[in-house]
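A.B. asks: Handing you a structure now.
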Amino acid sequence: MSPHTDDGDFIEDGNLQEDYTDRKKMINLGYRRLSNGGTKSASPPPPHAISGFCRAHVYKAMVVVIGCLVLFEFSSMVLSDQRQMWLPSFPGYHYAIRQWKAKVFDPRVLSCNGTGCWDQFGSMYELAENRSDTTVHTPAVANRTVQTVLMSLLGMDTCPLVPPNLVGAIRVLSEKLPEEDIVRANTGLQPGGRFRPSHCLARHKVAIILPYRDRPEHLRIFLNNIHPILRRQQLDYGIFVVEQAGLTKFNRGTLMNVGYVEARKSYDYDCFIFHDVDLLPENDRNLYSCPGLGARHMSVAIDKFNYHLPYKTILGGISAFTDAQFAKINGFPNIYWGWGGEDDDLSIRVRSHGFNITRYPAAIARYKMIKHDADPSNPANPVRFELLKFAAKRFKSDGLNNLKYKLIDSQLRPLYTWLLVDIGSPPDSRR
């Protein structure tokens with residue numbers, strides 16, 4: 001007698017167990033194969049098989065969709081540093097996200113608690129509970145932060161604390177090369193003079209800001225020297241040349257403030273270095289970074305001053321600030337038109353806020369100054385000493401919070417980002 005299956009189908013094949021197992025597999029896939037004179041043919045699956053098959057796949061699809069939505073929402077929350085409407089809000093939510101970002105993305109941060117975060121030196125990073133004004137919410141910032149997150153997820157390691165390719169003392173290049181030659185010598189730069197290492201995650205995101213007017217040869221010499229050094233230091237950096245339009249007296253402080261504001265719009269830089277165009281580093285171990293231990297004076301030893309520090313409180317030439325530090329002191333003063341005064345005012349602001357002025361040893365923080373004639377459009381400011389008398393009282397009303405300018409043009413050039421700005425004219429008494 002030929003056996004029967006438990007669903008009533010007749011089997012004529014002699015290999016009962018093998019055929020039965022095969023048919024059970026086909027039922028689980030939503031199909032049935034029936035024996036008909038040794039020939040197997042397909043028939044429509046029963047309703048219960050179809051419904052089971054659909055439910056299983058619908059559940060899987062729902063899980064995938066929900067997971068994607070949660071991931072997207074969390075990514076948006078991290079990138080924008082804002083609460084999202086459909087996620088529950090609770091006290092400390094915003095602050096907790098800022099702490100999470102600091103611990104994950106800032107290699108300087110070792111630990112955080114309810115009051116703030118600390119680095120390996122015991123310095124505190126302030127994380128205000130309900131402030132998002134220090135974060136720039138632009139598509140450019142989000143896109144580049146996403147790239148950083150993806151690089152981290154792909155297993156890319158953080159760059160070494162001490163970059164391995166530094167050589168120490170270097171020869172300053174004084175050749176006046178055409179810009180095309182400098183571009184060819186610095187392959188891998190992104191438009192706007194942007195660069196990030198390709199094999200590791202940079203520890204520092206640095207904006208180099210240069211106040212500028214009518215010094216094209218100095219600018220080319222500077223770019224030819226600085227790009228190779230910054231690349232060896234494995235920085236994620238960009239160079240911003242802020243050019244003052246018109247023929248009014250030069251205002252270095254206002255141009256620095258403009259560069260800071262515009263750089264923050266383009267990327268989430270954590271370090272801002274304010275740099276004169278005529279200073280060229282002589283040692284690549286003078287790292288272009290912001291340790292966060294205080295305002296950093298970088299141009300310690302300049303050949304013009306026989307490689308000696310002119311006075312202890314000087315902060316001119318090149319200075320470096322974290323984003324939080326620069327915002328807290330209200331940036332540079334805008335009131336100084338002509339040469340001198342704004343750097344000493346900046347030093348007063350720094351010290352009045354309790355920040356130390358830190359420096360590398362003079363043997364490392366060495367610079368060569370490009371020789372040039374006095375600029376007739378930038379005479380010494382005759383009232384700078386009078387203005388300095390009230391610097392400590394004036395910082396709350398003169399700086400980033402009263403900055404006024406008009407961005408005339410902006411270009412992502414091969415070696416730098418060029419910003420042409422109209423900052424107005426000095427008051428009649430200072431013309």
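Each chain in the structure tokens gets a letter, A, B and so on, in the order shown; residues start at 1 in every chain, and ligands are counted from 1 in the order they appear.
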When you look at His297 (chain A) with a cut-off of 12 Å (counting only C-alpha atoms), what residues show up, excluding the ones that are within fewer than 4 positions of it in the same chain? I need them as a PyMOL selection string.

C.D. replies: chain A and resi 273-275+286-291+293+301+309+312-321+343+346-347+350+356-362+365-366

A.B. asks: Which residues of region 190-249 of chain A have any atom within 10 Å of an atom in region 390-412 of chain A when counting only C-alpha atoms, and what is the closest pair of atoms for each, with the distance in Å to one decimal? Order the rows by chain and rising number and write it as JSON lines.

C.D. replies:
{"residue": "A:Gln190", "atom": "CA", "partner": "A:Leu412", "partner_atom": "CA", "distance": 9.0}
{"residue": "A:Pro191", "atom": "CA", "partner": "A:Leu412", "partner_atom": "CA", "distance": 5.4}
{"residue": "A:Gly192", "atom": "CA", "partner": "A:Leu412", "partner_atom": "CA", "distance": 4.0}
{"residue": "A:Gly193", "atom": "CA", "partner": "A:Leu412", "partner_atom": "CA", "distance": 7.5}
{"residue": "A:Arg194", "atom": "CA", "partner": "A:Leu412", "partner_atom": "CA", "distance": 9.3}
{"residue": "A:Phe240", "atom": "CA", "partner": "A:Leu412", "partner_atom": "CA", "distance": 9.4}
{"residue": "A:Val241", "atom": "CA", "partner": "A:Ser410", "partner_atom": "CA", "distance": 9.9}
{"residue": "A:Val242", "atom": "CA", "partner": "A:Ser410", "partner_atom": "CA", "distance": 9.4}
{"residue": "A:Glu243", "atom": "CA", "partner": "A:Asp409", "partner_atom": "CA", "distance": 9.8}
{"residue": "A:Gln244", "atom": "CA", "partner": "A:Ile408", "partner_atom": "CA", "distance": 10.0}
{"residue": "A:Ala245", "atom": "CA", "partner": "A:Ile408", "partner_atom": "CA", "distance": 8.5}

A.B. asks: Write a file of the just-selected residues containing C-alpha atoms, as a short mmCIF file (atom, residue, chain, number, x, y, z; two decimals), in the first residue's frame.

C.D. replies:
data_model
loop_
_atom_site.label_atom_id
_atom_site.label_comp_id
_atom_site.auth_asym_id
_atom_site.auth_seq_id
_atom_site.Cartn_x
_atom_site.Cartn_y
_atom_site.Cartn_z
CA GLN A 190 40.24 70.78 -1.10
CA PRO A 191 38.74 74.02 -2.46
CA GLY A 192 39.12 76.87 -0.03
CA GLY A 193 42.51 75.67 1.22
CA ARG A 194 40.87 72.87 3.22
CA PHE A 240 40.64 82.19 5.59
CA VAL A 241 42.04 85.38 4.06
CA VAL A 242 39.85 88.31 5.13
CA GLU A 243 40.51 91.30 2.86
CA GLN A 244 39.41 94.79 3.82
CA ALA A 245 37.76 96.62 0.93
#

A.B. asks: Please list as a ChimeraX atom specification every residue within 10 Å of Glu217 (chain A), counting only C-alpha atoms and excluding residues in the same chain fewer than 2 positions away.

C.D. replies: /A:175-179,214-215,219-222,278

A.B. asks: Find the residues near region 168-173 of chain A: any atom within 6 Å, counting only C-alpha atoms, skip ones fewer than 6 places away on the same chain, and give them as a ChimeraX atom specification.

C.D. replies: /A:282-285

A.B. asks: Separation of CA of Ile370 (chain A) and CA of His218 (chain A), in Å?

C.D. replies: 7.2 Å

A.B. asks: Provide the CA of Ile423 (chain A) to CA of Ile348 (chain A) distance in Å, to one decimal place.

C.D. replies: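 Result for CA of Ile423 (chain A) versus CA of Ile348 (chain A): 23.9 Å, one decimal.
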
A.B. asks: From the list A:Glu180, A:Asp422, A:Glu386, A:Asp276, which residue is nearest Asp345 (chain A) when using only C-alpha atoms?

C.D. replies: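 Among the listed residues, the smallest separation from Asp345 (chain A) belongs to A:Glu386.
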
A.B. asks: Enumerate the residues of region 177-332 of chain A with a DSSP assignment of strand (DSSP E), computed from the backbone, and present them as a VMD selection string.

C.D. replies: chain A and resid 205 to 212 236 to 244 271 to 275 279 to 281 295 to 297 301 to 302 318 to 322

A.B. asks: The selected residues should be written to file as a compact mmCIF listing (two decimals), in the first residue's frame (atoms: N, CA, C and O atoms).

C.D. replies:
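File produced: result.txt:
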# COMPACT_ATOMS: atom_id res chain seq x y z
N LYS A 205 40.49 70.61 14.74
CA LYS A 205 39.85 71.24 13.58
C LYS A 205 40.14 72.74 13.68
O LYS A 205 39.57 73.43 14.52
N VAL A 206 41.01 73.22 12.80
CA VAL A 206 41.63 74.52 12.99
C VAL A 206 41.31 75.45 11.84
O VAL A 206 41.43 75.08 10.66
N ALA A 207 40.90 76.67 12.18
CA ALA A 207 40.72 77.74 11.19
C ALA A 207 41.85 78.75 11.36
O ALA A 207 42.05 79.28 12.45
N ILE A 208 42.61 78.96 10.28
CA ILE A 208 43.69 79.96 10.27
C ILE A 208 43.11 81.22 9.64
O ILE A 208 42.66 81.19 8.48
N ILE A 209 43.11 82.33 10.37
CA ILE A 209 42.47 83.57 9.92
C ILE A 209 43.53 84.64 9.73
O ILE A 209 44.29 84.94 10.66
N LEU A 210 43.59 85.20 8.51
CA LEU A 210 44.57 86.23 8.17
C LEU A 210 43.87 87.53 7.80
O LEU A 210 43.10 87.56 6.84
N PRO A 211 44.14 88.62 8.51
CA PRO A 211 43.67 89.94 8.07
C PRO A 211 44.58 90.40 6.93
O PRO A 211 45.81 90.25 6.99
N TYR A 212 43.99 90.98 5.90
CA TYR A 212 44.78 91.15 4.67
C TYR A 212 44.32 92.38 3.89
O TYR A 212 43.14 92.72 3.88
N ASP A 236 42.98 68.96 10.65
CA ASP A 236 41.80 69.20 9.81
C ASP A 236 41.64 70.73 9.81
O ASP A 236 41.13 71.31 10.75
N TYR A 237 42.10 71.37 8.73
CA TYR A 237 42.23 72.83 8.78
C TYR A 237 41.71 73.52 7.52
O TYR A 237 41.51 72.90 6.47
N GLY A 238 41.51 74.82 7.66
CA GLY A 238 41.16 75.68 6.54
C GLY A 238 41.80 77.04 6.76
O GLY A 238 41.99 77.48 7.90
N ILE A 239 42.15 77.72 5.66
CA ILE A 239 42.78 79.04 5.73
C ILE A 239 41.80 80.07 5.18
O ILE A 239 41.29 79.90 4.07
N PHE A 240 41.58 81.13 5.96
CA PHE A 240 40.64 82.19 5.59
C PHE A 240 41.40 83.52 5.49
O PHE A 240 41.95 83.98 6.50
N VAL A 241 41.41 84.08 4.30
CA VAL A 241 42.04 85.38 4.06
C VAL A 241 40.93 86.42 4.02
O VAL A 241 40.10 86.41 3.11
N VAL A 242 40.91 87.31 5.01
CA VAL A 242 39.85 88.31 5.13
C VAL A 242 40.41 89.65 4.64
O VAL A 242 41.25 90.26 5.32
N GLU A 243 39.97 90.09 3.48
CA GLU A 243 40.51 91.30 2.86
C GLU A 243 39.58 92.48 3.10
O GLU A 243 38.37 92.40 2.85
N GLN A 244 40.17 93.57 3.57
CA GLN A 244 39.41 94.79 3.82
C GLN A 244 39.26 95.58 2.53
O GLN A 244 40.24 95.93 1.88
N CYS A 271 39.19 75.29 17.00
CA CYS A 271 40.37 76.07 17.29
C CYS A 271 40.51 77.17 16.24
O CYS A 271 40.37 76.90 15.03
N PHE A 272 40.78 78.40 16.68
CA PHE A 272 40.89 79.54 15.77
C PHE A 272 42.23 80.22 16.01
O PHE A 272 42.54 80.63 17.14
N ILE A 273 43.03 80.30 14.94
CA ILE A 273 44.37 80.89 15.04
C ILE A 273 44.38 82.16 14.21
O ILE A 273 44.13 82.13 13.00
N PHE A 274 44.68 83.27 14.88
CA PHE A 274 44.66 84.60 14.25
C PHE A 274 46.11 84.97 13.91
O PHE A 274 46.93 85.12 14.82
N HIS A 275 46.39 85.12 12.63
CA HIS A 275 47.76 85.03 12.12
C HIS A 275 48.07 86.20 11.21
O HIS A 275 47.35 86.47 10.24
N LEU A 279 54.41 86.54 9.01
CA LEU A 279 55.14 85.71 9.95
C LEU A 279 55.20 84.27 9.45
O LEU A 279 54.16 83.65 9.18
N LEU A 280 56.42 83.73 9.35
CA LEU A 280 56.65 82.39 8.80
C LEU A 280 57.30 81.51 9.86
O LEU A 280 58.36 81.85 10.40
N PRO A 281 56.70 80.36 10.18
CA PRO A 281 57.26 79.48 11.22
C PRO A 281 58.59 78.87 10.80
O PRO A 281 58.80 78.51 9.64
N ALA A 295 44.65 81.09 26.63
CA ALA A 295 44.91 81.68 25.32
C ALA A 295 46.39 81.44 24.98
O ALA A 295 47.27 81.61 25.82
N ARG A 296 46.65 81.04 23.76
CA ARG A 296 48.01 80.67 23.39
C ARG A 296 48.63 81.73 22.50
O ARG A 296 48.06 82.10 21.46
N HIS A 297 49.80 82.22 22.92
CA HIS A 297 50.58 83.13 22.09
C HIS A 297 51.61 82.30 21.34
O HIS A 297 52.47 81.66 21.96
N ALA A 301 59.15 83.98 19.56
CA ALA A 301 60.51 84.45 19.21
C ALA A 301 60.53 84.81 17.72
O ALA A 301 60.46 83.93 16.86
N ILE A 302 60.64 86.11 17.44
CA ILE A 302 60.64 86.61 16.06
C ILE A 302 62.01 87.21 15.76
O ILE A 302 62.60 87.89 16.62
N ILE A 318 50.59 86.25 16.39
CA ILE A 318 49.79 85.04 16.21
C ILE A 318 49.24 84.60 17.56
O ILE A 318 49.99 84.42 18.52
N SER A 319 47.94 84.43 17.65
CA SER A 319 47.30 83.96 18.87
C SER A 319 46.28 82.88 18.55
O SER A 319 45.70 82.87 17.46
N ALA A 320 46.07 81.98 19.49
CA ALA A 320 45.17 80.83 19.28
C ALA A 320 44.18 80.73 20.43
O ALA A 320 44.55 80.84 21.60
N PHE A 321 42.90 80.50 20.07
CA PHE A 321 41.82 80.39 21.04
C PHE A 321 40.90 79.24 20.67
O PHE A 321 40.66 78.98 19.49
N THR A 322 40.36 78.60 21.70
CA THR A 322 39.24 77.69 21.43
C THR A 322 38.01 78.54 21.12
O THR A 322 37.97 79.74 21.40

A.B. asks: Separation of CA of Gln233 (chain A) and CA of Pro160 (chain A), in Å?

C.D. replies: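 Interatomic distance here is 9.7 Å.
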
A.B. asks: Nearest to Ala374 (chain A) among A:Leu230, A:Gly338, A:Val300, A:Val261, with distances taken over only C-alpha atoms: which residue is it?

C.D. replies: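 The closest residue to Ala374 (chain A) is A:Gly338.
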
A.B. asks: Pick the closest to Ile364 (chain A) from A:Arg203, A:Met298, A:Gly424, A:Val277: which is it, counting only C-alpha atoms?

C.D. replies: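 Once distances to Ile364 (chain A) are computed over only C-alpha atoms, the minimum belongs to A:Met298.
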
A.B. asks: Pick from A:Ile226, A:Leu69, A:Val64, A:Val421: nearest to Gly259 (chain A), with only C-alpha atoms counted?

C.D. replies: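 Of the candidates, the smallest distance to Gly259 (chain A) is held by A:Val421.
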
A.B. asks: Find, counting only C-alpha atoms, the residue in A:Asp375, A:Phe305, A:Lys389, A:Ala263 that gets nearest to Leu419 (chain A).

C.D. replies: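 Smallest separation from Leu419 (chain A) among the options: A:Ala263.
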